[in-house]
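Okay, input.cif is below, mmCIF, C-alpha atoms:
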```
data_my_file
loop_
_atom_site.label_atom_id
_atom_site.label_comp_id
_atom_site.auth_asym_id
_atom_site.auth_seq_id
_atom_site.Cartn_x
_atom_site.Cartn_y
_atom_site.Cartn_z
CA MET A 79 -32.20 -255.82 16.82
CA GLU A 80 -33.27 -254.60 13.39
CA GLN A 81 -31.91 -251.27 12.28
CA VAL A 82 -33.85 -249.78 9.41
CA LYS A 83 -33.10 -246.34 8.01
CA VAL A 84 -34.50 -244.61 4.92
CA LEU A 85 -32.70 -241.80 3.10
CA SER A 86 -35.05 -239.77 0.93
CA THR A 87 -36.65 -236.41 0.26
CA TRP A 88 -40.20 -235.44 1.25
CA PHE A 89 -41.29 -234.87 -2.35
CA SER A 90 -39.83 -237.82 -4.21
CA PRO A 91 -42.61 -240.30 -5.03
CA PHE A 92 -39.94 -243.02 -5.27
CA GLY A 93 -39.04 -242.39 -1.63
CA ARG A 94 -42.64 -242.06 -0.44
CA ARG A 95 -43.48 -245.53 -1.72
CA ILE A 96 -40.74 -247.09 0.47
CA LEU A 97 -42.16 -245.43 3.57
CA ILE A 98 -45.70 -246.51 2.66
CA ALA A 99 -44.46 -250.10 2.34
CA LEU A 100 -42.72 -250.00 5.74
CA GLU A 101 -45.81 -248.46 7.36
CA GLU A 102 -48.05 -251.11 5.78
CA ILE A 103 -45.95 -253.87 7.33
CA GLY A 104 -45.40 -252.06 10.62
CA VAL A 105 -41.61 -252.06 10.51
CA LYS A 106 -40.04 -249.37 12.71
CA TYR A 107 -37.60 -247.17 10.79
CA GLU A 108 -35.56 -244.03 11.12
CA TYR A 109 -36.01 -241.40 8.41
CA GLN A 110 -33.28 -239.08 7.16
CA GLU A 111 -34.30 -236.17 4.93
CA GLU A 112 -31.69 -235.49 2.25
CA ASP A 113 -30.84 -232.13 0.75
CA LEU A 114 -29.99 -233.11 -2.82
CA SER A 115 -27.92 -229.94 -3.30
CA ASN A 116 -25.80 -231.05 -0.34
CA LYS A 117 -25.90 -234.86 -0.17
CA SER A 118 -24.96 -236.47 3.12
CA GLU A 119 -21.81 -238.56 3.60
CA LEU A 120 -24.04 -241.50 4.39
CA LEU A 121 -25.90 -241.21 1.07
CA LEU A 122 -22.69 -240.99 -0.95
CA GLN A 123 -21.30 -243.95 0.95
CA MET A 124 -24.45 -246.06 0.67
CA ASN A 125 -25.18 -245.32 -3.01
CA PRO A 126 -21.81 -244.51 -4.59
CA VAL A 127 -22.91 -245.68 -8.07
CA HIS A 128 -25.93 -243.40 -8.56
CA LYS A 129 -25.78 -241.07 -5.50
CA LYS A 130 -29.60 -241.00 -5.53
CA ILE A 131 -32.45 -241.44 -3.10
CA PRO A 132 -34.24 -243.43 -1.87
CA VAL A 133 -31.82 -245.74 -0.10
CA LEU A 134 -32.87 -248.28 2.51
CA VAL A 135 -30.17 -249.15 5.01
CA HIS A 136 -30.95 -252.41 6.82
CA ASN A 137 -28.48 -253.44 9.52
CA ASP A 138 -25.87 -251.25 7.77
CA GLN A 139 -26.42 -252.84 4.36
CA PRO A 140 -27.69 -250.48 1.63
CA ILE A 141 -30.39 -251.33 -0.87
CA CYS A 142 -31.00 -248.88 -3.75
CA GLU A 143 -33.57 -248.29 -6.54
CA SER A 144 -37.13 -248.00 -5.22
CA GLN A 145 -38.68 -251.03 -6.92
CA ILE A 146 -35.74 -253.20 -5.86
CA ILE A 147 -36.14 -251.89 -2.30
CA LEU A 148 -39.86 -252.73 -2.37
CA GLN A 149 -39.11 -256.30 -3.44
CA TYR A 150 -36.47 -256.54 -0.71
CA ILE A 151 -38.98 -255.35 1.90
CA ASP A 152 -41.50 -257.89 0.65
CA GLU A 153 -38.99 -260.76 0.72
CA THR A 154 -37.59 -259.83 4.13
CA TRP A 155 -40.73 -259.04 6.12
CA ASP A 156 -43.86 -259.98 4.33
CA SER A 157 -43.62 -262.48 1.54
CA LYS A 158 -46.94 -262.45 -0.25
CA GLN A 159 -47.97 -265.57 -2.15
CA VAL A 160 -48.28 -264.26 -5.69
CA SER A 161 -48.03 -266.39 -8.83
CA PRO A 162 -45.04 -265.86 -11.15
CA PHE A 163 -47.28 -264.46 -13.87
CA ASP A 164 -49.02 -261.98 -11.54
CA ARG A 165 -45.63 -260.97 -10.20
CA ALA A 166 -44.34 -260.40 -13.76
CA LEU A 167 -47.46 -258.41 -14.62
CA ALA A 168 -47.10 -256.18 -11.55
CA ARG A 169 -43.40 -255.62 -12.26
CA PHE A 170 -44.19 -254.76 -15.89
CA TRP A 171 -46.73 -252.08 -14.95
CA ALA A 172 -44.48 -250.70 -12.21
CA ASP A 173 -41.71 -250.33 -14.79
CA PHE A 174 -44.20 -248.67 -17.19
CA ALA A 175 -45.43 -246.30 -14.49
CA ASP A 176 -41.96 -245.01 -13.69
CA LYS A 177 -40.55 -244.99 -17.21
CA LYS A 178 -43.51 -243.78 -19.23
CA PHE A 179 -46.26 -242.35 -17.04
CA PHE A 180 -44.16 -240.34 -14.59
CA ASP A 181 -41.79 -239.31 -17.37
CA SER A 182 -44.66 -237.73 -19.34
CA GLY A 183 -45.69 -235.92 -16.17
CA ILE A 184 -42.21 -234.55 -15.55
CA ARG A 185 -42.15 -233.33 -19.14
CA ILE A 186 -45.41 -231.45 -18.52
CA VAL A 187 -43.61 -229.75 -15.64
CA LYS A 188 -40.43 -228.96 -17.55
CA SER A 189 -41.88 -227.70 -20.85
CA LYS A 190 -44.43 -225.41 -22.47
CA ASP A 191 -46.32 -224.87 -25.73
CA GLU A 192 -46.21 -227.77 -28.20
CA ALA A 193 -43.73 -229.85 -26.19
CA GLN A 194 -46.04 -229.60 -23.20
CA GLU A 195 -49.10 -230.42 -25.32
CA GLN A 196 -47.31 -233.52 -26.58
CA ALA A 197 -46.47 -234.53 -23.01
CA LYS A 198 -50.12 -234.06 -21.99
CA ARG A 199 -51.31 -236.24 -24.87
CA GLU A 200 -48.85 -238.96 -23.86
CA MET A 201 -49.97 -238.72 -20.23
CA LEU A 202 -53.57 -239.35 -21.23
CA GLU A 203 -52.49 -242.33 -23.38
CA ASN A 204 -50.45 -243.70 -20.50
CA LEU A 205 -53.38 -243.31 -18.12
CA GLN A 206 -55.46 -245.28 -20.61
CA PHE A 207 -52.97 -248.12 -20.37
CA LEU A 208 -53.01 -248.00 -16.57
CA GLU A 209 -56.83 -248.00 -16.54
CA GLY A 210 -56.69 -251.13 -18.72
CA ALA A 211 -54.20 -252.77 -16.38
CA LEU A 212 -56.35 -251.99 -13.37
CA LYS A 213 -59.43 -253.34 -15.15
CA GLU A 214 -57.59 -256.64 -15.73
CA MET A 215 -55.99 -256.90 -12.32
CA SER A 216 -59.05 -255.88 -10.32
CA VAL A 217 -61.29 -258.12 -12.39
CA SER A 218 -63.18 -255.16 -13.85
CA GLY A 219 -63.31 -253.30 -10.56
CA SER A 220 -64.81 -256.14 -8.54
CA LEU A 221 -61.59 -256.20 -6.47
CA PRO A 222 -60.30 -252.99 -4.85
CA PHE A 223 -56.62 -252.93 -5.85
CA PHE A 224 -54.04 -253.63 -8.56
CA GLY A 225 -52.99 -256.41 -6.20
CA GLY A 226 -56.54 -257.78 -6.33
CA LYS A 227 -57.96 -257.94 -2.83
CA ASP A 228 -54.62 -256.93 -1.29
CA PHE A 229 -52.91 -253.52 -1.38
CA GLY A 230 -49.86 -254.94 -3.14
CA PHE A 231 -46.57 -254.12 -4.83
CA LEU A 232 -48.08 -252.18 -7.73
CA ASP A 233 -50.51 -250.28 -5.47
CA ILE A 234 -47.56 -249.16 -3.33
CA VAL A 235 -45.55 -248.17 -6.43
CA LEU A 236 -48.43 -246.08 -7.83
CA ALA A 237 -49.97 -244.61 -4.65
CA PRO A 238 -47.55 -241.63 -4.42
CA TYR A 239 -48.51 -240.65 -7.96
CA VAL A 240 -52.09 -239.93 -6.80
CA SER A 241 -50.85 -236.69 -5.21
CA TRP A 242 -49.15 -235.80 -8.50
CA PHE A 243 -52.25 -235.91 -10.74
CA HIS A 244 -53.38 -232.56 -9.40
CA ILE A 245 -49.85 -231.17 -9.90
CA PHE A 246 -49.84 -232.15 -13.58
CA GLU A 247 -53.34 -230.71 -14.09
CA THR A 248 -52.40 -227.38 -12.51
CA ILE A 249 -49.12 -226.93 -14.32
CA GLY A 250 -50.47 -228.29 -17.60
CA ASN A 251 -53.61 -226.21 -17.20
CA PHE A 252 -55.95 -229.07 -18.07
CA LYS A 253 -58.37 -231.42 -16.40
CA ILE A 254 -57.64 -235.15 -16.52
CA PRO A 255 -61.03 -236.69 -17.41
CA PHE A 256 -61.02 -239.22 -14.57
CA GLU A 257 -64.75 -239.78 -14.17
CA THR A 258 -65.41 -240.35 -17.86
CA GLU A 259 -62.18 -241.95 -19.08
CA TYR A 260 -60.43 -243.49 -16.06
CA PRO A 261 -63.20 -244.32 -13.56
CA LEU A 262 -61.45 -247.35 -12.07
CA LEU A 263 -58.26 -245.35 -11.47
CA ASP A 264 -60.37 -242.56 -9.99
CA ALA A 265 -62.02 -244.90 -7.48
CA TRP A 266 -58.70 -246.61 -6.74
CA GLY A 267 -56.99 -243.25 -6.11
CA LYS A 268 -59.66 -242.19 -3.63
CA ARG A 269 -59.41 -245.58 -1.92
CA CYS A 270 -55.60 -245.21 -1.61
CA MET A 271 -55.85 -241.78 -0.08
CA GLU A 272 -58.03 -243.24 2.70
CA ARG A 273 -55.37 -245.73 3.74
CA GLU A 274 -53.53 -244.97 7.01
CA SER A 275 -50.06 -245.51 5.57
CA VAL A 276 -50.75 -243.29 2.56
CA LYS A 277 -52.37 -240.53 4.64
CA LYS A 278 -49.37 -240.52 6.96
CA ILE A 279 -46.69 -240.49 4.28
CA LEU A 280 -47.88 -238.40 1.34
CA PRO A 281 -47.13 -234.66 1.44
CA SER A 282 -49.96 -232.17 1.02
CA SER A 283 -50.81 -231.18 -2.54
CA ASP A 284 -50.12 -227.51 -1.79
CA ARG A 285 -46.65 -228.11 -0.44
CA LEU A 286 -45.83 -230.39 -3.39
CA LEU A 287 -47.19 -227.89 -5.91
CA GLU A 288 -45.05 -225.12 -4.48
CA ARG A 289 -41.98 -227.29 -4.76
CA VAL A 290 -42.80 -228.33 -8.34
CA PHE A 291 -43.26 -224.68 -9.36
CA GLN A 292 -39.74 -224.04 -8.09
CA ILE A 293 -38.47 -226.91 -10.26
CA ARG A 294 -40.41 -225.62 -13.29
CA LYS A 295 -38.87 -222.14 -12.96
CA LYS A 296 -35.43 -223.65 -13.59
CA PHE A 297 -36.57 -225.08 -16.93
CA VAL A 298 -39.26 -222.78 -18.30
CA VAL A 299 -39.90 -219.07 -18.45
CA ASP A 300 -43.66 -218.70 -18.23
CA MET B 13 -47.89 -279.35 -22.40
CA GLU B 14 -45.84 -276.20 -21.98
CA GLN B 15 -45.80 -273.80 -24.90
CA VAL B 16 -42.94 -271.37 -24.83
CA LYS B 17 -42.23 -268.86 -27.60
CA VAL B 18 -39.72 -266.02 -27.72
CA MET B 19 -39.92 -263.06 -30.07
CA SER B 20 -36.67 -261.17 -30.44
CA THR B 21 -33.90 -260.16 -32.81
CA LYS B 22 -30.55 -261.91 -33.18
CA VAL B 23 -28.57 -258.94 -31.90
CA SER B 24 -30.78 -257.70 -29.05
CA PRO B 25 -28.74 -258.15 -25.84
CA PHE B 26 -32.03 -258.18 -23.92
CA GLY B 27 -33.31 -261.04 -26.08
CA MET B 28 -30.02 -262.91 -25.71
CA SER B 29 -30.42 -262.90 -21.91
CA VAL B 30 -33.86 -264.45 -22.19
CA LEU B 31 -32.68 -267.17 -24.58
CA ILE B 32 -29.63 -267.97 -22.43
CA GLY B 33 -31.98 -268.21 -19.44
CA LEU B 34 -34.23 -270.72 -21.20
CA GLU B 35 -31.24 -272.74 -22.45
CA GLU B 36 -29.79 -272.89 -18.94
CA LYS B 37 -33.08 -274.27 -17.61
CA GLY B 38 -33.34 -276.72 -20.49
CA VAL B 39 -36.74 -275.37 -21.51
CA LYS B 40 -37.83 -276.14 -25.08
CA TYR B 41 -38.97 -273.02 -26.92
CA GLU B 42 -39.93 -271.74 -30.33
CA TYR B 43 -38.06 -268.69 -31.58
CA GLN B 44 -39.52 -266.01 -33.82
CA GLU B 45 -37.13 -263.48 -35.35
CA GLU B 46 -38.65 -260.02 -35.57
CA ASP B 47 -37.80 -257.47 -38.24
CA LEU B 48 -37.96 -254.27 -36.18
CA LEU B 49 -36.79 -251.93 -38.91
CA THR B 50 -39.24 -252.92 -41.62
CA LYS B 51 -42.35 -254.45 -40.11
CA LYS B 52 -43.19 -255.71 -36.65
CA SER B 53 -45.32 -258.85 -36.68
CA ASP B 54 -48.99 -258.77 -35.69
CA LEU B 55 -48.20 -261.18 -32.88
CA LEU B 56 -45.61 -258.77 -31.43
CA LEU B 57 -48.00 -255.83 -31.57
CA GLN B 58 -50.69 -257.95 -29.93
CA MET B 59 -48.43 -259.37 -27.21
CA ASN B 60 -46.65 -256.11 -26.38
CA PRO B 61 -49.08 -253.34 -27.28
CA VAL B 62 -47.63 -250.97 -24.67
CA HIS B 63 -44.01 -250.84 -25.83
CA LYS B 64 -44.08 -252.82 -29.12
CA LYS B 65 -40.56 -254.04 -28.27
CA VAL B 66 -38.63 -257.28 -28.06
CA PRO B 67 -37.98 -259.54 -26.33
CA VAL B 68 -41.39 -261.00 -25.50
CA LEU B 69 -41.87 -264.41 -23.91
CA ILE B 70 -45.19 -266.10 -24.56
CA HIS B 71 -45.92 -268.87 -22.08
CA ASN B 72 -49.05 -270.90 -22.72
CA GLY B 73 -50.54 -267.95 -24.61
CA LYS B 74 -49.71 -265.30 -21.97
CA PRO B 75 -47.13 -262.60 -22.79
CA ILE B 76 -44.37 -261.44 -20.46
CA CYS B 77 -42.34 -258.38 -21.48
CA GLU B 78 -39.16 -256.57 -20.39
CA SER B 79 -36.09 -258.79 -20.28
CA LEU B 80 -35.32 -258.60 -16.54
CA ILE B 81 -38.95 -259.28 -15.71
CA ILE B 82 -38.93 -262.23 -18.13
CA LEU B 83 -35.72 -263.64 -16.60
CA GLN B 84 -37.20 -263.52 -13.11
CA TYR B 85 -40.40 -265.11 -14.40
CA ILE B 86 -38.39 -267.96 -15.97
CA ASP B 87 -36.51 -268.41 -12.69
CA GLU B 88 -39.74 -268.54 -10.68
CA VAL B 89 -41.66 -270.88 -13.00
CA TRP B 90 -38.80 -273.34 -13.60
CA ASN B 91 -37.69 -273.08 -10.00
CA PHE B 92 -34.63 -275.36 -9.99
CA ASN B 93 -30.99 -274.30 -10.47
CA GLN B 94 -32.11 -270.82 -9.49
CA PHE B 95 -30.53 -267.83 -11.20
CA LEU B 96 -31.19 -265.43 -8.34
CA PRO B 97 -29.62 -266.04 -4.94
CA SER B 98 -31.94 -267.07 -2.12
CA MET B 99 -31.18 -264.36 0.46
CA PRO B 100 -33.05 -261.03 0.12
CA TYR B 101 -29.92 -258.85 0.35
CA GLU B 102 -28.03 -260.79 -2.31
CA ARG B 103 -31.16 -260.74 -4.49
CA ALA B 104 -31.42 -256.96 -4.12
CA THR B 105 -27.74 -256.59 -5.02
CA ALA B 106 -28.19 -258.76 -8.13
CA ARG B 107 -31.26 -256.76 -9.18
CA PHE B 108 -29.42 -253.48 -8.60
CA TRP B 109 -26.58 -254.44 -10.96
CA ALA B 110 -29.03 -255.87 -13.50
CA ASP B 111 -30.86 -252.52 -13.48
CA PHE B 112 -27.47 -250.85 -13.96
CA ALA B 113 -26.84 -253.10 -16.98
CA ASN B 114 -30.10 -252.04 -18.58
CA LYS B 115 -29.13 -248.38 -18.36
CA PHE B 116 -25.60 -249.20 -19.60
CA TYR B 117 -26.68 -249.79 -23.18
CA GLU B 118 -28.27 -246.36 -23.58
CA SER B 119 -25.15 -244.57 -22.35
CA VAL B 120 -22.82 -246.40 -24.76
CA ALA B 121 -25.10 -246.45 -27.83
CA PRO B 122 -23.56 -243.12 -29.06
CA ILE B 123 -20.41 -245.09 -29.90
CA VAL B 124 -22.43 -246.66 -32.73
CA LYS B 125 -25.00 -243.96 -33.39
CA SER B 126 -22.94 -240.77 -33.20
CA LYS B 127 -19.65 -239.19 -34.11
CA GLY B 128 -17.38 -236.43 -32.82
CA GLU B 129 -17.77 -235.43 -29.18
CA ASP B 130 -20.96 -237.46 -28.64
CA GLN B 131 -19.13 -240.58 -29.71
CA GLU B 132 -16.19 -239.71 -27.46
CA GLN B 133 -18.60 -239.33 -24.55
CA GLY B 134 -20.06 -242.75 -25.37
CA LYS B 135 -16.55 -244.23 -25.21
CA ARG B 136 -15.86 -242.54 -21.88
CA ASN B 137 -19.20 -243.84 -20.54
CA LEU B 138 -18.23 -247.37 -21.58
CA LEU B 139 -14.88 -247.27 -19.79
CA GLU B 140 -16.45 -245.77 -16.64
CA ARG B 141 -19.13 -248.41 -16.54
CA LEU B 142 -16.66 -251.23 -17.17
CA GLN B 143 -14.71 -249.90 -14.20
CA LEU B 144 -17.80 -250.11 -12.01
CA LEU B 145 -18.56 -253.62 -13.27
CA GLU B 146 -14.99 -254.72 -12.60
CA GLY B 147 -15.44 -253.49 -9.03
CA ALA B 148 -18.76 -255.28 -8.66
CA LEU B 149 -17.27 -258.50 -10.05
CA LYS B 150 -14.29 -258.22 -7.71
CA GLU B 151 -16.63 -258.04 -4.73
CA MET B 152 -19.11 -260.65 -5.88
CA SER B 153 -16.50 -263.17 -6.97
CA ALA B 154 -14.57 -262.71 -3.70
CA GLY B 155 -11.60 -261.07 -5.44
CA GLY B 156 -11.77 -263.39 -8.44
CA SER B 157 -11.61 -266.60 -6.39
CA LEU B 158 -15.12 -267.50 -7.58
CA PRO B 159 -15.79 -267.78 -11.32
CA PHE B 160 -18.98 -265.73 -11.77
CA PHE B 161 -20.89 -262.58 -10.73
CA SER B 162 -23.27 -265.01 -9.06
CA GLY B 163 -20.43 -266.69 -7.18
CA LYS B 164 -19.65 -270.31 -7.88
CA ASP B 165 -22.57 -270.86 -10.27
CA PHE B 166 -23.49 -269.09 -13.52
CA GLY B 167 -26.51 -267.01 -12.49
CA PHE B 168 -28.73 -263.98 -12.95
CA LEU B 169 -26.10 -261.26 -13.39
CA ASP B 170 -23.92 -263.43 -15.59
CA ILE B 171 -26.92 -264.00 -17.87
CA VAL B 172 -27.76 -260.27 -17.91
CA PHE B 173 -24.21 -259.08 -18.66
CA ILE B 174 -22.72 -261.66 -21.02
CA PRO B 175 -24.63 -260.38 -24.11
CA TYR B 176 -22.62 -257.15 -23.89
CA ALA B 177 -19.50 -259.18 -24.66
CA SER B 178 -20.78 -259.63 -28.22
CA PHE B 179 -20.74 -255.83 -28.63
CA PHE B 180 -17.21 -255.05 -27.47
CA HIS B 181 -15.66 -255.84 -30.87
CA ALA B 182 -18.24 -253.61 -32.64
CA PHE B 183 -17.58 -250.77 -30.16
CA GLU B 184 -13.81 -251.01 -30.62
CA THR B 185 -14.02 -251.14 -34.41
CA ILE B 186 -16.58 -248.35 -34.87
CA GLY B 187 -15.12 -246.23 -32.07
CA ASN B 188 -11.61 -246.89 -33.34
CA PHE B 189 -10.12 -247.69 -29.93
CA LYS B 190 -8.98 -250.65 -27.88
CA ILE B 191 -10.77 -251.44 -24.62
CA PRO B 192 -7.89 -252.03 -22.14
CA PHE B 193 -9.23 -255.33 -20.78
CA GLU B 194 -5.97 -256.98 -19.70
CA SER B 195 -4.65 -253.95 -17.84
CA GLU B 196 -7.85 -252.34 -16.50
CA TYR B 197 -10.56 -255.01 -16.38
CA PRO B 198 -8.71 -258.34 -15.90
CA LEU B 199 -11.50 -260.01 -13.91
CA LEU B 200 -14.10 -259.08 -16.54
CA ASP B 201 -11.74 -260.32 -19.24
CA ALA B 202 -11.36 -263.73 -17.59
CA TRP B 203 -15.09 -263.86 -16.85
CA VAL B 204 -16.03 -263.19 -20.51
CA LYS B 205 -13.65 -265.90 -21.75
CA ARG B 206 -15.14 -268.32 -19.20
CA CYS B 207 -18.77 -267.51 -20.09
CA ILE B 208 -18.41 -267.79 -23.84
CA GLU B 209 -17.33 -271.42 -23.33
CA ARG B 210 -20.70 -272.27 -21.87
CA ASP B 211 -23.09 -274.19 -24.14
CA SER B 212 -26.02 -271.83 -23.61
CA VAL B 213 -23.90 -268.78 -24.39
CA LYS B 214 -22.21 -270.40 -27.40
CA LYS B 215 -25.60 -271.29 -28.80
CA VAL B 216 -27.23 -267.89 -28.29
CA LEU B 217 -24.59 -265.21 -28.75
CA PRO B 218 -24.22 -264.05 -32.36
CA SER B 219 -20.72 -263.88 -33.83
CA PHE B 220 -18.81 -260.66 -33.18
CA ASP B 221 -18.71 -260.07 -36.96
CA LYS B 222 -22.48 -260.38 -37.24
CA VAL B 223 -22.94 -257.79 -34.50
CA LEU B 224 -20.42 -255.47 -36.21
CA GLU B 225 -22.31 -255.84 -39.49
CA VAL B 226 -25.64 -254.94 -37.88
CA ALA B 227 -24.06 -252.05 -35.93
CA LEU B 228 -22.49 -250.61 -39.09
CA HIS B 229 -25.83 -250.88 -40.89
CA LEU B 230 -27.54 -249.06 -38.02
CA ARG B 231 -24.83 -246.41 -37.97
CA LYS B 232 -25.22 -245.71 -41.68
CA LYS B 233 -28.95 -245.30 -41.28
CA VAL B 234 -28.77 -243.04 -38.22
CA LEU B 235 -25.96 -240.79 -39.42
CA VAL B 236 -27.51 -240.22 -42.83
CA ASP B 237 -31.03 -239.40 -41.58
#
```

What is this structure when it is put down as structure tokens?
Amino acid sequence: MEQVKVLSTWFSPFGRRILIALEEIGVKYEYQEEDLSNKSELLLQMNPVHKKIPVLVHNDQPICESQIILQYIDETWDSKQVSPFDRALARFWADFADKKFFDSGIRIVKSKDEAQEQAKREMLENLQFLEGALKEMSVSGSLPFFGGKDFGFLDIVLAPYVSWFHIFETIGNFKIPFETEYPLLDAWGKRCMERESVKKILPSSDRLLERVFQIRKKFVVD
Amino acid sequence: MEQVKVMSTKVSPFGMSVLIGLEEKGVKYEYQEEDLLTKKSDLLLQMNPVHKKVPVLIHNGKPICESLIILQYIDEVWNFNQFLPSMPYERATARFWADFANKFYESVAPIVKSKGEDQEQGKRNLLERLQLLEGALKEMSAGGSLPFFSGKDFGFLDIVFIPYASFFHAFETIGNFKIPFESEYPLLDAWVKRCIERDSVKKVLPSFDKVLEVALHLRKKVLVD
């Protein structure tokens, strides 16, 4: 009998994507909310190297790092037939999304004045790259997802970020010009938010915003 | 007819992994050395417009970037003598440690690029990480009874980690310390000696002196600026 457990927090987009993946496949799992200021014994035991969430525990074996977990889920329960090049492309943009895109967003949250302006500029540049990627991978919007006709690896990686766009706009006090500059991403985001798995798993914008304001207070005096 | 080209620099550990991977598969490739400090080639900027970094693999005109992604691509296209294990859990474990290796370099770069307390921290980071790697190798080689991180065959993690071996001499010289391999990291020590005997590794890894030369050059530039 399969035993699947996920250790995460409700606000981490890295954790949310694991739950979306499990929901998409229909794998039953147990969820454990972690308090990062008081990490559980299980977390420290299952991820002694980084002590971070998310962690997937499958039949008592831990898997760590969200993109590695996603690939594990895919290989264990739902191996999609994707060509090596498409796989490499999806992995590349997933890496970009976490390293560059989300990083610029976090810097919007943790800074102000010129440093924040710089982070906002970089975010818009990064969105431009993602729009380009989506244009290529969806064949100019004729297919609905980054995964083409399927809601795939990269869609799952990026879906939690949809709830963060509004967060970055509010804290950065700017409007991301979706309709004019990133129309494919705009349509894709709306499409994601209609999906059962995404609706079930993503936290409300208000709750997330409140939490992010708390984080900002530790770094910036407004 | 397959066309495979790699753009990299002689001392990029990420590039070395890609080249070792291709050598292990016996894939013929063309190599283009990039001059990252003076002028990146037009081809590099075209093939990796997002990061403008090496290594880049160009396969039949299509670019693949990021060394771990390239290695997995190579393994999937030339799908014989696989680098990655076949079972999902072992694959996840290999990917986890490969990801760890990628972050390793950043944490130890201060040994070359800094001085004083920052450099000392870089040295401490190196010893901590070597400790973790020794532990991982102990587990994955069944206490040292198997020769490699990947078990009985030279595989993914071996390819990802062995380039770091070419940096140890530079770290020790610039950091003015001795890494206690024999006493603290005996399995890693034996593993390095074993790997550098392999044809692919011998062909690709630069000499320790060459790496030291490049590291010293980098250090001069960074500390003066």

I need the output of the PyMOL selection byres ((chain B and resi 96) around 8) for this file as a short mmCIF file (atom, residue, chain, number, x, y, z; two decimals) with C-alpha atoms, in the frame of the given file; which residues are they?
```
data_model
loop_
_atom_site.label_atom_id
_atom_site.label_comp_id
_atom_site.auth_asym_id
_atom_site.auth_seq_id
_atom_site.Cartn_x
_atom_site.Cartn_y
_atom_site.Cartn_z
CA GLN B 84 -37.20 -263.52 -13.11
CA ASP B 87 -36.51 -268.41 -12.69
CA GLN B 94 -32.11 -270.82 -9.49
CA PHE B 95 -30.53 -267.83 -11.20
CA PRO B 97 -29.62 -266.04 -4.94
CA SER B 98 -31.94 -267.07 -2.12
CA ARG B 103 -31.16 -260.74 -4.49
CA ALA B 106 -28.19 -258.76 -8.13
CA SER B 162 -23.27 -265.01 -9.06
CA GLY B 167 -26.51 -267.01 -12.49
CA PHE B 168 -28.73 -263.98 -12.95
#
```

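Our summary of the geometry notes that CA of Gly27 (chain B) is positioned 24.5 Å from CA of Ala211 (chain A).
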
Can you translate the PyMOL selection byres ((chain B and resi 222-234) around 12) into the concrete residues it hits in this file, as a compact mmCIF listing (two decimals) with C-alpha atoms, in the frame of the given file?
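The resulting file, result-v9.txt, is shown below:
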```txt
# COMPACT_ATOMS: atom_id res chain seq x y z
CA THR B 21 -33.90 -260.16 -32.81
CA LYS B 22 -30.55 -261.91 -33.18
CA VAL B 23 -28.57 -258.94 -31.90
CA SER B 24 -30.78 -257.70 -29.05
CA PRO B 25 -28.74 -258.15 -25.84
CA LEU B 48 -37.96 -254.27 -36.18
CA LEU B 49 -36.79 -251.93 -38.91
CA ALA B 121 -25.10 -246.45 -27.83
CA PRO B 122 -23.56 -243.12 -29.06
CA ILE B 123 -20.41 -245.09 -29.90
CA VAL B 124 -22.43 -246.66 -32.73
CA LYS B 125 -25.00 -243.96 -33.39
CA SER B 126 -22.94 -240.77 -33.20
CA LYS B 127 -19.65 -239.19 -34.11
CA GLN B 131 -19.13 -240.58 -29.71
CA PRO B 175 -24.63 -260.38 -24.11
CA TYR B 176 -22.62 -257.15 -23.89
CA ALA B 177 -19.50 -259.18 -24.66
CA SER B 178 -20.78 -259.63 -28.22
CA PHE B 179 -20.74 -255.83 -28.63
CA PHE B 180 -17.21 -255.05 -27.47
CA HIS B 181 -15.66 -255.84 -30.87
CA ALA B 182 -18.24 -253.61 -32.64
CA PHE B 183 -17.58 -250.77 -30.16
CA GLU B 184 -13.81 -251.01 -30.62
CA THR B 185 -14.02 -251.14 -34.41
CA ILE B 186 -16.58 -248.35 -34.87
CA GLY B 187 -15.12 -246.23 -32.07
CA LEU B 217 -24.59 -265.21 -28.75
CA PRO B 218 -24.22 -264.05 -32.36
CA SER B 219 -20.72 -263.88 -33.83
CA PHE B 220 -18.81 -260.66 -33.18
CA ASP B 221 -18.71 -260.07 -36.96
CA LEU B 235 -25.96 -240.79 -39.42
CA VAL B 236 -27.51 -240.22 -42.83
CA ASP B 237 -31.03 -239.40 -41.58
```

Show me as JSON, numbers by chain the residues that reach within 12 Å of (-25.0, -244.0, -6.3), counting only C-alpha atoms and using the file's own coordinates. {"A": [117, 119, 120, 121, 122, 123, 124, 125, 126, 127, 128, 129, 130, 131, 132, 133, 140, 141, 142, 143], "B": [108, 109, 112, 144]}

Restricting to all atoms listed in the file, whichever of A:Asn204, A:Ser241, A:Gln196, A:Ser275 is closest to Pro91 (chain A) is A:Ser241

Check which residues satisfy the PyMOL selection byres ((chain B) within 12 of (chain A)) in the file shown, then give them as a PyMOL selection string. chain B and resi 60-63+68-91+98-112+115+140-141+143-145+147-148

Non-local contacts of Lys188 (chain A) (6 Å; all atoms listed in the file; under 2 positions in same chain excluded) as a PyMOL selection string: chain A and resi 185-186+294+297

Would you list the residues near (-52.6, -241.9, -9.4) (no more than 12 Å away, in the coordinates of the file, using all atoms listed in the file) as an NGL selection string? :A and (91 or 175-176 or 179-180 or 183 or 201 or 204-205 or 208-209 or 212 or 224 or 232-246 or 254 or 256 or 260-271)

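Across the structure, CA of Phe189 (chain B) and CA of Lys205 (chain B) are spaced 20.3 Å apart.
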
In Å, how far is it from CA of Glu200 (chain A) to CA of Val187 (chain A)?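 About the pair CA of Glu200 (chain A) and CA of Val187 (chain A): they are 13.4 Å apart.
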